[in-house]
$ cat target-v7.cif   # mmCIF, N, CA and C atoms and all ligand atoms; chains and numbers go by the auth columns
data_work
#
loop_
_atom_site.group_PDB
_atom_site.id
_atom_site.type_symbol
_atom_site.label_atom_id
_atom_site.label_comp_id
_atom_site.label_asym_id
_atom_site.label_seq_id
_atom_site.Cartn_x
_atom_site.Cartn_y
_atom_site.Cartn_z
_atom_site.B_iso_or_equiv
_atom_site.auth_seq_id
_atom_site.auth_asym_id
ATOM 1 N N MET A 1 -2.628 -13.823 -16.147 0.00 1 A
ATOM 2 C CA MET A 1 -3.837 -13.635 -15.370 0.00 1 A
ATOM 3 C C MET A 1 -4.045 -12.141 -15.139 0.00 1 A
ATOM 4 N N THR A 2 -5.266 -11.708 -15.256 0.00 2 A
ATOM 5 C CA THR A 2 -5.575 -10.318 -14.989 0.00 2 A
ATOM 6 C C THR A 2 -6.504 -10.243 -13.779 0.00 2 A
ATOM 7 N N PHE A 3 -6.574 -9.076 -13.203 0.00 3 A
ATOM 8 C CA PHE A 3 -7.377 -8.890 -12.012 0.00 3 A
ATOM 9 C C PHE A 3 -8.022 -7.519 -12.076 0.00 3 A
ATOM 10 N N ALA A 4 -9.299 -7.443 -11.808 0.00 4 A
ATOM 11 C CA ALA A 4 -9.989 -6.164 -11.744 0.00 4 A
ATOM 12 C C ALA A 4 -10.554 -6.020 -10.342 0.00 4 A
ATOM 13 N N CYS A 5 -10.205 -4.948 -9.687 0.00 5 A
ATOM 14 C CA CYS A 5 -10.656 -4.727 -8.320 0.00 5 A
ATOM 15 C C CYS A 5 -11.757 -3.672 -8.318 0.00 5 A
ATOM 16 N N THR A 6 -12.817 -3.936 -7.571 0.00 6 A
ATOM 17 C CA THR A 6 -13.933 -2.989 -7.502 0.00 6 A
ATOM 18 C C THR A 6 -13.543 -1.718 -6.744 0.00 6 A
ATOM 19 N N ASN A 7 -12.458 -1.767 -6.008 0.00 7 A
ATOM 20 C CA ASN A 7 -12.007 -0.593 -5.242 0.00 7 A
ATOM 21 C C ASN A 7 -11.136 0.342 -6.076 0.00 7 A
ATOM 22 N N TYR A 8 -10.716 -0.115 -7.239 0.00 8 A
ATOM 23 C CA TYR A 8 -9.816 0.686 -8.065 0.00 8 A
ATOM 24 C C TYR A 8 -10.595 1.770 -8.816 0.00 8 A
ATOM 25 N N ASP A 9 -10.156 3.010 -8.657 0.00 9 A
ATOM 26 C CA ASP A 9 -10.791 4.141 -9.334 0.00 9 A
ATOM 27 C C ASP A 9 -9.986 4.471 -10.584 0.00 9 A
ATOM 28 N N TYR A 10 -10.559 4.187 -11.727 0.00 10 A
ATOM 29 C CA TYR A 10 -9.860 4.402 -13.002 0.00 10 A
ATOM 30 C C TYR A 10 -9.674 5.888 -13.313 0.00 10 A
ATOM 31 N N ASN A 11 -10.497 6.740 -12.733 0.00 11 A
ATOM 32 C CA ASN A 11 -10.376 8.179 -12.990 0.00 11 A
ATOM 33 C C ASN A 11 -9.171 8.789 -12.271 0.00 11 A
ATOM 34 N N THR A 12 -8.964 8.375 -11.036 0.00 12 A
ATOM 35 C CA THR A 12 -7.859 8.945 -10.258 0.00 12 A
ATOM 36 C C THR A 12 -6.644 8.036 -10.207 0.00 12 A
ATOM 37 N N ASP A 13 -6.808 6.794 -10.681 0.00 13 A
ATOM 38 C CA ASP A 13 -5.722 5.819 -10.645 0.00 13 A
ATOM 39 C C ASP A 13 -5.324 5.492 -9.200 0.00 13 A
ATOM 40 N N LYS A 14 -6.318 5.504 -8.294 0.00 14 A
ATOM 41 C CA LYS A 14 -6.056 5.255 -6.866 0.00 14 A
ATOM 42 C C LYS A 14 -6.989 4.173 -6.329 0.00 14 A
ATOM 43 N N CYS A 15 -6.659 3.682 -5.148 0.00 15 A
ATOM 44 C CA CYS A 15 -7.508 2.734 -4.441 0.00 15 A
ATOM 45 C C CYS A 15 -8.531 3.527 -3.631 0.00 15 A
ATOM 46 N N GLN A 16 -9.819 3.269 -3.863 0.00 16 A
ATOM 47 C CA GLN A 16 -10.871 3.981 -3.126 0.00 16 A
ATOM 48 C C GLN A 16 -10.972 3.494 -1.686 0.00 16 A
ATOM 49 N N LYS A 17 -10.629 2.234 -1.458 0.00 17 A
ATOM 50 C CA LYS A 17 -10.699 1.673 -0.111 0.00 17 A
ATOM 51 C C LYS A 17 -9.629 2.273 0.793 0.00 17 A
ATOM 52 N N LEU A 18 -8.403 2.361 0.257 0.00 18 A
ATOM 53 C CA LEU A 18 -7.279 2.821 1.070 0.00 18 A
ATOM 54 C C LEU A 18 -6.953 4.295 0.845 0.00 18 A
ATOM 55 N N LYS A 19 -7.588 4.893 -0.153 0.00 19 A
ATOM 56 C CA LYS A 19 -7.383 6.313 -0.472 0.00 19 A
ATOM 57 C C LYS A 19 -5.912 6.643 -0.744 0.00 19 A
ATOM 58 N N THR A 20 -5.279 5.754 -1.488 0.00 20 A
ATOM 59 C CA THR A 20 -3.882 5.961 -1.859 0.00 20 A
ATOM 60 C C THR A 20 -3.582 5.139 -3.110 0.00 20 A
ATOM 61 N N ASP A 21 -2.319 5.067 -3.476 0.00 21 A
ATOM 62 C CA ASP A 21 -1.952 4.317 -4.673 0.00 21 A
ATOM 63 C C ASP A 21 -2.352 2.850 -4.559 0.00 21 A
ATOM 64 N N CYS A 22 -2.781 2.288 -5.683 0.00 22 A
ATOM 65 C CA CYS A 22 -3.099 0.858 -5.724 0.00 22 A
ATOM 66 C C CYS A 22 -1.803 0.081 -5.852 0.00 22 A
ATOM 67 N N ILE A 23 -1.498 -0.669 -4.814 0.00 23 A
ATOM 68 C CA ILE A 23 -0.391 -1.614 -4.860 0.00 23 A
ATOM 69 C C ILE A 23 -0.985 -2.927 -4.386 0.00 23 A
ATOM 70 N N PRO A 24 -1.402 -3.778 -5.319 0.00 24 A
ATOM 71 C CA PRO A 24 -2.066 -5.027 -4.938 0.00 24 A
ATOM 72 C C PRO A 24 -1.268 -5.813 -3.896 0.00 24 A
ATOM 73 N N GLY A 25 -1.948 -6.196 -2.822 0.00 25 A
ATOM 74 C CA GLY A 25 -1.318 -6.980 -1.769 0.00 25 A
ATOM 75 C C GLY A 25 -0.799 -6.148 -0.616 0.00 25 A
ATOM 76 N N ARG A 26 -0.855 -4.811 -0.750 0.00 26 A
ATOM 77 C CA ARG A 26 -0.361 -3.951 0.332 0.00 26 A
ATOM 78 C C ARG A 26 -1.235 -4.105 1.571 0.00 26 A
ATOM 79 N N PRO A 27 -0.729 -3.700 2.724 0.00 27 A
ATOM 80 C CA PRO A 27 -1.551 -3.784 3.942 0.00 27 A
ATOM 81 C C PRO A 27 -2.898 -3.081 3.750 0.00 27 A
ATOM 82 N N GLY A 28 -3.974 -3.783 4.080 0.00 28 A
ATOM 83 C CA GLY A 28 -5.319 -3.230 3.948 0.00 28 A
ATOM 84 C C GLY A 28 -5.992 -3.575 2.637 0.00 28 A
ATOM 85 N N CYS A 29 -5.213 -4.062 1.677 0.00 29 A
ATOM 86 C CA CYS A 29 -5.754 -4.446 0.362 0.00 29 A
ATOM 87 C C CYS A 29 -6.567 -5.735 0.501 0.00 29 A
ATOM 88 N N VAL A 30 -7.582 -5.885 -0.350 0.00 30 A
ATOM 89 C CA VAL A 30 -8.409 -7.093 -0.306 0.00 30 A
ATOM 90 C C VAL A 30 -7.600 -8.350 -0.653 0.00 30 A
ATOM 91 N N LEU A 31 -6.470 -8.164 -1.291 0.00 31 A
ATOM 92 C CA LEU A 31 -5.640 -9.301 -1.683 0.00 31 A
ATOM 93 C C LEU A 31 -4.564 -9.646 -0.658 0.00 31 A
ATOM 94 N N GLU A 32 -4.441 -8.825 0.381 0.00 32 A
ATOM 95 C CA GLU A 32 -3.369 -9.023 1.358 0.00 32 A
ATOM 96 C C GLU A 32 -3.384 -10.442 1.913 0.00 32 A
ATOM 97 N N GLY A 33 -2.283 -11.131 1.744 0.00 33 A
ATOM 98 C CA GLY A 33 -2.138 -12.484 2.277 0.00 33 A
ATOM 99 C C GLY A 33 -2.843 -13.561 1.477 0.00 33 A
ATOM 100 N N LYS A 34 -3.490 -13.183 0.375 0.00 34 A
ATOM 101 C CA LYS A 34 -4.260 -14.164 -0.396 0.00 34 A
ATOM 102 C C LYS A 34 -3.580 -14.583 -1.688 0.00 34 A
ATOM 103 N N VAL A 35 -2.580 -13.819 -2.114 0.00 35 A
ATOM 104 C CA VAL A 35 -1.931 -14.116 -3.392 0.00 35 A
ATOM 105 C C VAL A 35 -0.420 -14.088 -3.227 0.00 35 A
ATOM 106 N N LYS A 36 0.256 -14.756 -4.151 0.00 36 A
ATOM 107 C CA LYS A 36 1.719 -14.695 -4.174 0.00 36 A
ATOM 108 C C LYS A 36 2.090 -13.485 -5.013 0.00 36 A
ATOM 109 N N LEU A 37 2.920 -12.627 -4.432 0.00 37 A
ATOM 110 C CA LEU A 37 3.266 -11.378 -5.093 0.00 37 A
ATOM 111 C C LEU A 37 4.551 -11.500 -5.898 0.00 37 A
ATOM 112 N N SER A 38 4.626 -10.696 -6.947 0.00 38 A
ATOM 113 C CA SER A 38 5.857 -10.648 -7.738 0.00 38 A
ATOM 114 C C SER A 38 6.918 -9.925 -6.919 0.00 38 A
ATOM 115 N N GLU A 39 8.167 -10.084 -7.322 0.00 39 A
ATOM 116 C CA GLU A 39 9.261 -9.390 -6.628 0.00 39 A
ATOM 117 C C GLU A 39 9.057 -7.888 -6.650 0.00 39 A
ATOM 118 N N GLU A 40 8.625 -7.367 -7.800 0.00 40 A
ATOM 119 C CA GLU A 40 8.438 -5.922 -7.946 0.00 40 A
ATOM 120 C C GLU A 40 7.368 -5.410 -6.978 0.00 40 A
ATOM 121 N N LEU A 41 6.242 -6.114 -6.901 0.00 41 A
ATOM 122 C CA LEU A 41 5.187 -5.694 -5.968 0.00 41 A
ATOM 123 C C LEU A 41 5.664 -5.775 -4.528 0.00 41 A
ATOM 124 N N GLN A 42 6.400 -6.847 -4.212 0.00 42 A
ATOM 125 C CA GLN A 42 6.898 -6.997 -2.843 0.00 42 A
ATOM 126 C C GLN A 42 7.824 -5.842 -2.482 0.00 42 A
ATOM 127 N N LYS A 43 8.648 -5.390 -3.449 0.00 43 A
ATOM 128 C CA LYS A 43 9.538 -4.256 -3.193 0.00 43 A
ATOM 129 C C LYS A 43 8.734 -2.991 -2.938 0.00 43 A
ATOM 130 N N ARG A 44 7.682 -2.774 -3.722 0.00 44 A
ATOM 131 C CA ARG A 44 6.839 -1.578 -3.525 0.00 44 A
ATOM 132 C C ARG A 44 6.159 -1.615 -2.161 0.00 44 A
ATOM 133 N N ILE A 45 5.673 -2.792 -1.772 0.00 45 A
ATOM 134 C CA ILE A 45 5.021 -2.934 -0.468 0.00 45 A
ATOM 135 C C ILE A 45 6.028 -2.704 0.655 0.00 45 A
ATOM 136 N N ASN A 46 7.232 -3.228 0.499 0.00 46 A
ATOM 137 C CA ASN A 46 8.267 -3.002 1.514 0.00 46 A
ATOM 138 C C ASN A 46 8.571 -1.516 1.637 0.00 46 A
ATOM 139 N N GLY A 47 8.578 -0.804 0.521 0.00 47 A
ATOM 140 C CA GLY A 47 8.795 0.642 0.545 0.00 47 A
ATOM 141 C C GLY A 47 7.696 1.359 1.306 0.00 47 A
ATOM 142 N N VAL A 48 6.456 0.932 1.100 0.00 48 A
ATOM 143 C CA VAL A 48 5.317 1.521 1.814 0.00 48 A
ATOM 144 C C VAL A 48 5.456 1.256 3.310 0.00 48 A
ATOM 145 N N LYS A 49 5.823 0.038 3.672 0.00 49 A
ATOM 146 C CA LYS A 49 5.968 -0.312 5.091 0.00 49 A
ATOM 147 C C LYS A 49 7.087 0.494 5.744 0.00 49 A
ATOM 148 N N GLU A 50 8.199 0.674 5.024 0.00 50 A
ATOM 149 C CA GLU A 50 9.311 1.462 5.570 0.00 50 A
ATOM 150 C C GLU A 50 8.895 2.914 5.761 0.00 50 A
ATOM 151 N N ALA A 51 8.191 3.467 4.789 0.00 51 A
ATOM 152 C CA ALA A 51 7.750 4.864 4.888 0.00 51 A
ATOM 153 C C ALA A 51 6.786 5.037 6.061 0.00 51 A
ATOM 154 N N THR A 52 5.901 4.057 6.249 0.00 52 A
ATOM 155 C CA THR A 52 4.955 4.107 7.361 0.00 52 A
ATOM 156 C C THR A 52 5.692 4.040 8.694 0.00 52 A
ATOM 157 N N ALA A 53 6.679 3.153 8.783 0.00 53 A
ATOM 158 C CA ALA A 53 7.447 3.014 10.020 0.00 53 A
ATOM 159 C C ALA A 53 8.196 4.308 10.329 0.00 53 A
ATOM 160 N N LYS A 54 8.770 4.952 9.312 0.00 54 A
ATOM 161 C CA LYS A 54 9.485 6.217 9.520 0.00 54 A
ATOM 162 C C LYS A 54 8.525 7.298 9.984 0.00 54 A
ATOM 163 N N ARG A 55 7.348 7.335 9.360 0.00 55 A
ATOM 164 C CA ARG A 55 6.362 8.352 9.724 0.00 55 A
ATOM 165 C C ARG A 55 5.923 8.174 11.179 0.00 55 A
ATOM 166 N N ARG A 56 5.743 6.923 11.584 0.00 56 A
ATOM 167 C CA ARG A 56 5.306 6.653 12.957 0.00 56 A
ATOM 168 C C ARG A 56 6.411 6.939 13.965 0.00 56 A
ATOM 169 N N ALA A 57 7.667 6.813 13.535 0.00 57 A
ATOM 170 C CA ALA A 57 8.791 7.049 14.441 0.00 57 A
ATOM 171 C C ALA A 57 9.047 8.537 14.640 0.00 57 A
ATOM 172 N N THR A 58 8.443 9.347 13.803 0.00 58 A
ATOM 173 C CA THR A 58 8.651 10.788 13.883 0.00 58 A
ATOM 174 C C THR A 58 7.472 11.424 14.607 0.00 58 A
ATOM 175 N N SER A 59 7.766 12.219 15.571 0.00 59 A
ATOM 176 C CA SER A 59 6.690 12.866 16.324 0.00 59 A
ATOM 177 C C SER A 59 6.101 14.000 15.494 0.00 59 A
ATOM 178 N N LYS A 60 5.057 14.631 16.031 0.00 60 A
ATOM 179 C CA LYS A 60 4.407 15.741 15.319 0.00 60 A
ATOM 180 C C LYS A 60 5.354 16.903 15.099 0.00 60 A
ATOM 181 N N THR A 61 6.368 17.030 15.933 0.00 61 A
ATOM 182 C CA THR A 61 7.312 18.135 15.779 0.00 61 A
ATOM 183 C C THR A 61 8.393 17.804 14.760 0.00 61 A
ATOM 184 N N GLY A 62 8.334 16.603 14.215 0.00 62 A
ATOM 185 C CA GLY A 62 9.323 16.232 13.216 0.00 62 A
ATOM 186 C C GLY A 62 10.581 15.641 13.811 0.00 62 A
ATOM 187 N N ARG A 63 10.565 15.408 15.128 0.00 63 A
ATOM 188 C CA ARG A 63 11.732 14.838 15.782 0.00 63 A
ATOM 189 C C ARG A 63 11.554 13.340 15.931 0.00 63 A
ATOM 190 N N LYS A 64 12.639 12.609 15.767 0.00 64 A
ATOM 191 C CA LYS A 64 12.577 11.164 15.915 0.00 64 A
ATOM 192 C C LYS A 64 12.452 10.761 17.366 0.00 64 A
ATOM 193 N N LYS A 65 11.656 9.705 17.603 0.00 65 A
ATOM 194 C CA LYS A 65 11.533 9.147 18.943 0.00 65 A
ATOM 195 C C LYS A 65 12.609 8.087 19.105 0.00 65 A
ATOM 196 N N TYR A 66 13.203 8.022 20.251 0.00 66 A
ATOM 197 C CA TYR A 66 14.228 6.998 20.498 0.00 66 A
ATOM 198 C C TYR A 66 13.817 6.084 21.619 0.00 66 A
HETATM 199 S S1 LIG B . -4.839 -1.652 -3.353 0.00 1 B
HETATM 200 FE FE1 LIG B . -5.926 -3.608 -3.367 0.00 1 B
HETATM 201 S S2 LIG B . -8.007 -3.086 -2.710 0.00 1 B
HETATM 202 FE FE2 LIG B . -7.025 -1.226 -3.396 0.00 1 B
HETATM 203 S S3 LIG B . -7.595 -1.029 -5.543 0.00 1 B
HETATM 204 FE FE3 LIG B . -5.597 -2.016 -5.449 0.00 1 B
HETATM 205 S S4 LIG B . -6.083 -4.204 -5.517 0.00 1 B
HETATM 206 FE FE4 LIG B . -7.972 -3.142 -4.953 0.00 1 B
#

$ encode --input "target-v7.cif" --output "structure tokens"
Amino acid sequence: MTFACTNYDYNTDKCQKLKTDCIPGRPGCVLEGKVKLSEELQKRINGVKEATAKRRATSKTGRKKY
């Protein structure tokens, strides 16, 4: 099965909606919660979620909040 998303920018290879890499099913994606993801995609999404959590845990000064 193939999928073409209207938000995908073929020139920049990015998602125009989220202004970042296209990872189908990621938070904010039109497919979020609507499709069963492959293991590989789920790992990429988990990586994005971990990076987001780390970024939020770090204050503007770069120090971790406890
Ligand atoms: S992340 Fe989702 S909404 Fe964005 S281009 Fe990829 S499939 Fe489309």

$ closest_residue --input "target-v7.cif" --among "A:Ala57, A:Lys36, A:Gln42, A:Ala4" --to "ligand LIG 1 (chain B)" --atoms "only C-alpha atoms and all ligand atoms"
A:Ala4

$ resolve_selection --input "target-v7.cif" --expression "the PyMOL selection byres (((not hetatm)) within 5 of (chain B and resi 1))" --output "list in words"
Cys5, Asn7, Tyr8, Cys15, Cys22, Ile23, Pro24, Gly25, Cys29 and Val30 of chain A

$ atom_distance --input "target-v7.cif" --atom1 "atom C of A:Glu40" --atom2 "atom CA of A:Thr58"
26.4 Å

$ residues_around --input "target-v7.cif" --residues "A:Arg26" --least-positions-apart "6" --cutoff "7 Å" --atoms "all atoms listed in the file" --output "number ranges by chain"
A: 32-33, 45

$ closest_residue --input "target-v7.cif" --among "A:Leu31, A:Glu39, A:Arg55, A:Asn46" --to "A:Thr6" --atoms "only C-alpha atoms"
A:Leu31

$ select_by_dssp --input "target-v7.cif" --residues "chain A" --states "helix (DSSP H, G or I)" --output "list in words"
Glu39, Glu40, Leu41, Gln42, Lys43, Arg44, Ile45, Asn46, Gly47, Val48, Lys49, Glu50, Ala51, Thr52, Ala53, Lys54, Arg55, Arg56 and Ala57 of chain A

$ atom_distance --input "target-v7.cif" --atom1 "atom CA of A:Phe3" --atom2 "atom N of A:Ala53"
27.8 Å

$ atom_distance --input "target-v7.cif" --atom1 "atom CA of A:Gly47" --atom2 "atom CA of A:Val35"
18.7 Å

$ select_by_dssp --input "target-v7.cif" --residues "chain A" --states "strand (DSSP E or B)" --output "JSON, numbers by chain"
{"A": [8, 9, 14, 15, 20, 21, 58, 64]}
